[in-house]
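Worksheet: the structure to be examined is printed underneath.
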Amino acid sequence: MEALPFSQACENNKGPILSVLQRHLGSARSLLEIGSGTGQHAEFLAGRFPGMSWQASDIAANLPMLRPRIARAGLAEPAALDVDTPDWSCASYDAIFSANVLHIVGRPSVENFFRGLGPHLNPDGLLLIYGPFRYHNAYTSESNARFDHWLKQRDPVSGIRDFEWVDALAEEAGLLLMEDNAMPANNQLLIWRKNPEQDQPPVQQGGSGLRSGQ
Ligand SMILES: C[S@@+](CC[C@H](N)C(=O)[O-])C[C@H]1O[C@@H](n2cnc3c(N)ncnc32)[C@H](O)[C@@H]1O
């Protein structure tokens, strides 16, 4: 059998991510992952939360890479979800998780990410974002500065985001910052909770409402 797509970074960070998620997702029944990539996080993490349905997703072009590992893990068919589409055609979840996406997509897509997620996060639901961030206009390490330079050379729209900007977008989306966890390799795991007072348009509950991958 052909080797599945593999990211060494995912292998390195999945354990530390699990330790944080275990403190927060005990009562969550459904989770949407945005930008699942190789599916290594979904495969490893979903297995640790047997009472929760894990919906992996990515842009349609990436689904052929994602599908094999999701199938091997016995998880739901990954969904086509592009944060730049105005209608995510998706259900509402107890949690939304995304790793290493905000520094890859352009700034307008980061804005779309936060504008789009509102109807798909249940009241009291959690948003968990993993990746590198800048604080007070400064990198948290020399290696992050080099990584940012490398990202921008590869694609000028990419770049490590300012925590303050991202948190302001989250606040506009009705989210309140709960935790900022420093993680290995100069990453963060940011956690926001959806303000339960926030208006909630009626969408189907998580687990079955996403458009299946194309
Ligand atoms: C660096 S990879 C991260 C993959 C995985 N989450 C990880 O941590 O290894 C960035 C991911 O973002 C996805 N992506 C890029 N543009 C996107 C968009 N507009 N909407 C949703 N996902 C997107 C890519 O297809 C890719 O899987």
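Identifiers in this document derive from the order of the structure tokens: chains are assigned A, B, ..., residues are numbered from 1 separately in each chain, and ligands are numbered from 1 in order of occurrence.
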| task | Within stretch 100-214 of chain A, find each residue whose DSSP state, derived from the backbone, is strand (DSSP E), and express the selection as number ranges by chain. | result | A: 121-131, 133-134, 161-162, 175-183, 187-194
Please produce an output containing C-alpha atoms for each residue in the selection, written as a tab-separated table (two decimals), in the first residue's frame.
chain	number	residue	atom	x	y	z
A	121	LEU	CA	-20.45	26.95	16.68
A	122	ASN	CA	-23.04	26.09	19.32
A	123	PRO	CA	-23.67	28.49	22.19
A	124	ASP	CA	-20.92	27.94	24.76
A	125	GLY	CA	-18.94	26.16	22.01
A	126	LEU	CA	-15.15	26.35	21.85
A	127	LEU	CA	-12.84	27.54	19.11
A	128	LEU	CA	-9.34	26.04	19.40
A	129	ILE	CA	-6.61	27.41	17.13
A	130	TYR	CA	-3.08	26.02	17.03
A	131	GLY	CA	-0.13	27.75	15.38
A	133	PHE	CA	1.49	34.08	16.59
A	134	ARG	CA	3.17	37.45	17.06
A	161	ARG	CA	-0.58	36.65	12.40
A	162	ASP	CA	-0.70	39.17	15.19
A	175	LEU	CA	-16.02	34.85	21.16
A	176	LEU	CA	-14.27	35.41	24.46
A	177	LEU	CA	-10.64	34.39	24.92
A	178	MET	CA	-10.34	31.74	27.62
A	179	GLU	CA	-6.76	30.51	27.32
A	180	ASP	CA	-3.55	31.16	25.49
A	181	ASN	CA	-1.38	28.06	25.91
A	182	ALA	CA	2.30	28.25	25.06
A	183	MET	CA	3.16	25.08	23.17
A	187	ASN	CA	3.47	27.71	18.93
A	188	GLN	CA	0.31	28.63	20.78
A	189	LEU	CA	-3.00	26.92	21.34
A	190	LEU	CA	-5.61	29.65	21.67
A	191	ILE	CA	-9.04	28.84	23.04
A	192	TRP	CA	-12.14	31.02	22.82
A	193	ARG	CA	-15.64	30.34	24.07
A	194	LYS	CA	-18.72	31.44	22.22
| message | Which residues are near ligand 1 in this structure, taking near to mean any atom at most 9 Å from a ligand atom and counting only C-alpha atoms and all ligand atoms? Format them as a PyMOL selection string. | response | chain A and resi 6-11+13-14+33-42+57-63+66+80-85+97-106+109-110+112-113+130-131
Please produce a file of those selected residues containing C-alpha atoms, as an mmCIF file, in the first residue's frame.
data_model
loop_
_atom_site.group_PDB
_atom_site.id
_atom_site.type_symbol
_atom_site.label_atom_id
_atom_site.label_comp_id
_atom_site.auth_asym_id
_atom_site.auth_seq_id
_atom_site.Cartn_x
_atom_site.Cartn_y
_atom_site.Cartn_z
ATOM 1 C CA PHE A 6 2.831 12.635 6.270
ATOM 2 C CA SER A 7 3.817 15.708 8.264
ATOM 3 C CA GLN A 8 6.588 15.361 10.859
ATOM 4 C CA ALA A 9 5.354 18.554 12.564
ATOM 5 C CA CYS A 10 1.961 16.906 13.160
ATOM 6 C CA GLU A 11 3.641 13.899 14.718
ATOM 7 C CA ASN A 13 2.711 18.415 18.116
ATOM 8 C CA LYS A 14 -0.220 15.978 18.345
ATOM 9 C CA GLU A 33 -11.735 20.578 12.042
ATOM 10 C CA ILE A 34 -10.870 23.195 9.419
ATOM 11 C CA GLY A 35 -7.872 22.620 7.116
ATOM 12 C CA SER A 36 -7.222 19.017 8.186
ATOM 13 C CA GLY A 37 -4.239 18.597 5.845
ATOM 14 C CA THR A 38 -2.889 15.037 5.999
ATOM 15 C CA GLY A 39 -5.519 14.019 8.591
ATOM 16 C CA GLN A 40 -2.899 13.049 11.180
ATOM 17 C CA HIS A 41 -4.464 15.254 13.853
ATOM 18 C CA ALA A 42 -7.930 13.862 13.123
ATOM 19 C CA SER A 57 -12.529 19.122 6.324
ATOM 20 C CA ASP A 58 -10.352 20.902 3.826
ATOM 21 C CA ILE A 59 -10.576 22.689 0.520
ATOM 22 C CA ALA A 60 -11.823 20.375 -2.238
ATOM 23 C CA ALA A 61 -8.407 20.214 -3.923
ATOM 24 C CA ASN A 62 -6.887 18.752 -0.757
ATOM 25 C CA LEU A 63 -9.483 16.047 -0.151
ATOM 26 C CA LEU A 66 -6.947 13.727 3.290
ATOM 27 C CA ALA A 80 -15.166 20.222 1.401
ATOM 28 C CA LEU A 81 -14.915 23.448 3.350
ATOM 29 C CA ASP A 82 -13.245 26.579 2.020
ATOM 30 C CA VAL A 83 -13.420 29.414 4.529
ATOM 31 C CA ASP A 84 -13.681 31.851 1.601
ATOM 32 C CA THR A 85 -17.051 30.520 0.491
ATOM 33 C CA PHE A 97 -10.421 23.116 15.820
ATOM 34 C CA SER A 98 -7.886 24.356 13.295
ATOM 35 C CA ALA A 99 -4.112 23.894 13.244
ATOM 36 C CA ASN A 100 -1.579 25.762 11.173
ATOM 37 C CA VAL A 101 -4.103 27.363 8.840
ATOM 38 C CA LEU A 102 -4.207 31.064 9.795
ATOM 39 C CA HIS A 103 -0.576 31.690 8.818
ATOM 40 C CA ILE A 104 -1.011 29.911 5.472
ATOM 41 C CA VAL A 105 -4.133 31.627 4.138
ATOM 42 C CA GLY A 106 -4.165 35.355 3.327
ATOM 43 C CA SER A 109 -9.287 34.479 4.445
ATOM 44 C CA VAL A 110 -8.471 34.838 8.141
ATOM 45 C CA ASN A 112 -13.587 35.064 6.426
ATOM 46 C CA PHE A 113 -12.663 32.283 8.842
ATOM 47 C CA TYR A 130 -3.077 26.017 17.026
ATOM 48 C CA GLY A 131 -0.128 27.746 15.377
#
Alpha helix (DSSP H) positions in stretch 31-86 of chain A, given as a short mmCIF file (atom, residue, chain, number, x, y, z; two decimals) with C-alpha atoms, in the first residue's frame:
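Below is the file that was written, states-v3.cif:
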data_model
loop_
_atom_site.label_atom_id
_atom_site.label_comp_id
_atom_site.auth_asym_id
_atom_site.auth_seq_id
_atom_site.Cartn_x
_atom_site.Cartn_y
_atom_site.Cartn_z
CA GLN A 40 -2.90 13.05 11.18
CA HIS A 41 -4.46 15.25 13.85
CA ALA A 42 -7.93 13.86 13.12
CA GLU A 43 -6.72 10.26 13.22
CA PHE A 44 -4.82 10.65 16.47
CA LEU A 45 -7.06 13.07 18.34
CA ALA A 46 -10.49 11.75 17.36
CA LEU A 63 -9.48 16.05 -0.15
CA PRO A 64 -7.73 13.32 -2.17
CA MET A 65 -4.75 13.70 0.17
CA LEU A 66 -6.95 13.73 3.29
CA ARG A 67 -9.39 10.90 2.52
CA PRO A 68 -7.16 7.83 2.94
CA ARG A 69 -6.15 8.55 6.53
CA ILE A 70 -9.68 9.59 7.52
CA ALA A 71 -11.01 6.35 6.06
CA ARG A 72 -8.33 4.33 7.87
#
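For the pair atom CA of A:Leu117 and atom CA of A:Arg23, the separation is 22.5 Å.
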| query | In terms of the shortest atom-to-atom distance over only C-alpha atoms, which of A:Gly47, A:Pro196, A:Pro78, A:Pro132 is closest to A:Leu18? | reply | A:Gly47
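Counting only C-alpha atoms, the residue from A:Ser30, A:Gly74, A:Phe147, A:Pro50 that sits nearest to A:Ala91 is A:Ser30.
Residue nearest A:His24 within the list A:Ala173, A:Ala138, A:Ala95, A:Cys90: A:Ala95 [criterion: smallest interatomic distance, only C-alpha atoms].
With distances taken over only C-alpha atoms, A:Trp54 is the one residue among A:Trp54, A:Trp88, A:Phe114, A:Tyr135 lying closest to A:Ala76.
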